[in-house]
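To keep things clear, I will list the structure first and then write my remarks on it.
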Amino acid sequence: LSENVNLSAGVNSNPQLQNMLYMMDVVDTTDRLMIMKGNPGLKTGRNNAFFCVISTEAAKKYLRNEVSILYMLRDNAFARGYMYDPETGIKYMSLYNVDGNQTLEGVHKLSTYLDKRRRLLFDLKTKARYAHSVDMAGTIGVGASTVPPLRKVDTGTWHEELKIDLSTGSNRISAKVQSSVNRYFSKDPGFVDFTSWTSSYGASGVFNLPMDWGISTDLTLYMRRGYLDSRLNTTDLVWNIRLSKSILKGSLVFFVDGYDILHQLSNITHDINAQARTVTVTNVIPSYFMLHAQFRFNRDPKR
């Protein structure tokens, strides 16, 4: 099979500007437990990136193979450094410039049809990633500096993703599996190295039924493991569905959407990255049904 080979590479370097409010020499005490002080000495940050992509594509048979490499380095990156006072519970925060944030990532993608009629599509994606993260945090104590010390965390990630699509006319069935392993490690005192696993297994389908009815649905199992806090080790089975009915030769379509039918999702999420743990509360209803209609018309202009 003859193949087309494509090669692209480039270098980007973009400045990173900070909000001028954070550079004013003022103290914000609006939040009594989070005292924010401006830093007029902040320097302009810069994001540097190098990428290289090599792809091959067969001319007679749909077969695409791609390998990409990305390296990113941040100079004078902005860090929200803070000093914590254990006696009062107050955090004294300011913005600082830090160096050393960098990421190296490699991705391999393979996509091909498994049959001659091009109905069964196979996609495979593999990603390896290393990130070095630098932040600033400390505790107020005897002999402690007023400037937060540097905190450095390394993260290694291995990600696999497999997807298969089967198309028969206007109907389609898909199956997808994703799995990631993250290793967090650091030499900072008090940091405990650990490994986490994240995976999802799902299937979806789109079907056109007689009498202009249609149905689409997806069912996905999300799993997270490896965290010491049980609230982070979650198992959620999420099921969504849509039922549609078109009339007037398709000009008017009615939809009934059901999101998270099994009531597995919550509006409070716990997450962790290389530098911190975050708790996010969203003002939404994660599980609901919704009825809506869509009207489409075409009008040719007068000649």
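Naming scheme: A, B, ... for chains in displayed order of the structure tokens; residues 1 onward per chain; ligands 1 onward as shown.
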
message: For region 204-213 of chain A, find every residue with an atom within 9 Å (counting only C-alpha atoms), except residues of its own chain fewer than 6 positions away, and show them as an NGL selection string.
response: :A and (170-176 or 219-220 or 243-247 or 249-250)

query: Any idea what's packed within 9 Å of region 146-157 of chain A, counting only C-alpha atoms, ignoring anything in its chain fewer than 2 positions away? Could you give it as a count of residues only?
result: 34

- prompt: So how far away is CA of Leu95 (chain A) from CA of Lys37 (chain A), in Å?
  reply: 8.0 Å

- prompt: Which is closest to Thr195 (chain A) among A:Ala79, A:Leu237, A:Ile272, A:Val26, if we use only C-alpha atoms?
  reply: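 Among the listed residues, A:Ile272 lies closest to Thr195 (chain A).
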
query: Suppose you want the space between CA of Asp260 (chain A) and CA of Asn233 (chain A); what is it in Å?
result: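 Here the two named atoms are 19.4 Å from each other.
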
message: I'd like the contact shell of Pro40 (chain A) - 12 Å cut-off, only C-alpha atoms, skipping same-chain residues fewer than 3 positions apart - returned as a list in words.
response: Gln18, Asn19, Met20, Leu21, Tyr22, Met23, Met24, Asp25, Val26, Val27, Lys37, Lys43, Thr44, Ser94, Leu95, Tyr96 and Asn97 of chain A

- prompt: If you count only C-alpha atoms, which residues fall within 9 Å of Leu221 (chain A), apart from same-chain ones fewer than 4 positions away, as a ChimeraX atom specification?
  reply: /A:199-202,235-239

query: Between A:Ile261, A:Leu110, A:Cys52, A:Leu33, which has the minimum distance to Arg242 (chain A) (counting only C-alpha atoms)?
result: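 That would be A:Ile261, the residue with the smallest distance to Arg242 (chain A).
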
message: Please return, as a VMD selection string, all residues of region 8-128 of chain A that DSSP assigns to strand (DSSP E or B) on the basis of the backbone.
response: chain A and resid 8 to 16 27 to 31 34 to 37 45 to 58 63 to 75 77 to 85 90 to 98 102 to 113 120 to 128

Who sits within 8 Å of Thr280 (chain A), only C-alpha atoms, same chain under 6 positions skipped, as a list of chain:residue names: A:Asn267, A:Ile268, A:Thr269, A:His270

Write the residues you've just listed into a file as a PDB file, in the first residue's frame, and include N, CA and C atoms for each of them.
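The resulting again_16.pdb:
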```
ATOM      1  N   ASN A 267     -23.394  17.288  42.619  1.00  0.00           N
ATOM      2  CA  ASN A 267     -22.933  18.622  42.261  1.00  0.00           C
ATOM      3  C   ASN A 267     -21.691  19.018  43.056  1.00  0.00           C
ATOM      4  N   ILE A 268     -21.174  18.123  43.885  1.00  0.00           N
ATOM      5  CA  ILE A 268     -19.935  18.347  44.632  1.00  0.00           C
ATOM      6  C   ILE A 268     -18.895  17.349  44.131  1.00  0.00           C
ATOM      7  N   THR A 269     -17.792  17.850  43.600  1.00  0.00           N
ATOM      8  CA  THR A 269     -16.742  16.993  43.062  1.00  0.00           C
ATOM      9  C   THR A 269     -15.438  17.246  43.809  1.00  0.00           C
ATOM     10  N   HIS A 270     -14.691  16.185  44.034  1.00  0.00           N
ATOM     11  CA  HIS A 270     -13.381  16.254  44.666  1.00  0.00           C
ATOM     12  C   HIS A 270     -12.342  15.843  43.624  1.00  0.00           C
TER      13      HIS A 270
END
```

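Among A:Asn101, A:Phe194, A:Ala203, A:Val256, the residue with the shortest atom-to-atom distance to Arg225 (chain A), counting only C-alpha atoms, is A:Phe194.
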
message: When you look at Arg74 (chain A) with a cut-off of 9 Å (counting only C-alpha atoms), what residues show up, excluding the ones that are within fewer than 2 positions of it in the same chain? I need them as a ChimeraX atom specification.
response: /A:45-49,72,76-77,98-102

Give me, as JSON lines, the closest atom pair and its distance (Å, one decimal) for every residue of region 186-279 of chain A within a cut-off of 8 Å of region 291-303 of chain A, counting only C-alpha atoms, rows sorted by chain and rising number.
```
{"residue": "A:Ser251", "atom": "CA", "partner": "A:Arg296", "partner_atom": "CA", "distance": 4.9}
{"residue": "A:Leu252", "atom": "CA", "partner": "A:Phe295", "partner_atom": "CA", "distance": 4.5}
{"residue": "A:Val253", "atom": "CA", "partner": "A:Gln294", "partner_atom": "CA", "distance": 5.1}
{"residue": "A:Phe254", "atom": "CA", "partner": "A:Ala293", "partner_atom": "CA", "distance": 4.4}
{"residue": "A:Phe255", "atom": "CA", "partner": "A:His292", "partner_atom": "CA", "distance": 5.4}
{"residue": "A:Val256", "atom": "CA", "partner": "A:Leu291", "partner_atom": "CA", "distance": 4.6}
{"residue": "A:Asp257", "atom": "CA", "partner": "A:Leu291", "partner_atom": "CA", "distance": 6.5}
```

Go ahead and save the picked residues with C-alpha atoms, as a PDB file, in the first residue's frame.
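Contents of the output file part_9.pdb:
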```pdb
ATOM      1  CA  SER A 251     -39.548  20.369   9.990  1.00  0.00           C
ATOM      2  CA  LEU A 252     -40.737  19.990  13.588  1.00  0.00           C
ATOM      3  CA  VAL A 253     -38.914  17.668  15.979  1.00  0.00           C
ATOM      4  CA  PHE A 254     -39.779  16.971  19.620  1.00  0.00           C
ATOM      5  CA  PHE A 255     -37.121  15.731  22.058  1.00  0.00           C
ATOM      6  CA  VAL A 256     -37.202  14.215  25.538  1.00  0.00           C
ATOM      7  CA  ASP A 257     -33.744  14.152  27.160  1.00  0.00           C
TER       8      ASP A 257
END
```

task: Choose the residue, out of A:Phe289, A:Ile69, A:Tyr62, A:Gln264, that has the smallest atom-to-atom separation from Asn4 (chain A); count only C-alpha atoms.
output: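 Of all the options, A:Tyr62 lies closest to Asn4 (chain A).
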
field: Proximity to Leu104 (chain A) - best of A:Leu70, A:Ile90, A:Leu42, A:Leu232, only C-alpha atoms
entry: A:Leu70

task: List the neighbours of Ser179 (chain A) out to 10 Å using only C-alpha atoms; skip same-chain residues closer than 3 positions along the sequence, and give me the result as a PyMOL selection string.
output: chain A and resi 126+158-162+197-201+222-224

field: Interatomic distance, CA of Val5 (chain A) to CA of Arg118 (chain A) (Å, one decimal)
entry: 22.3 Å
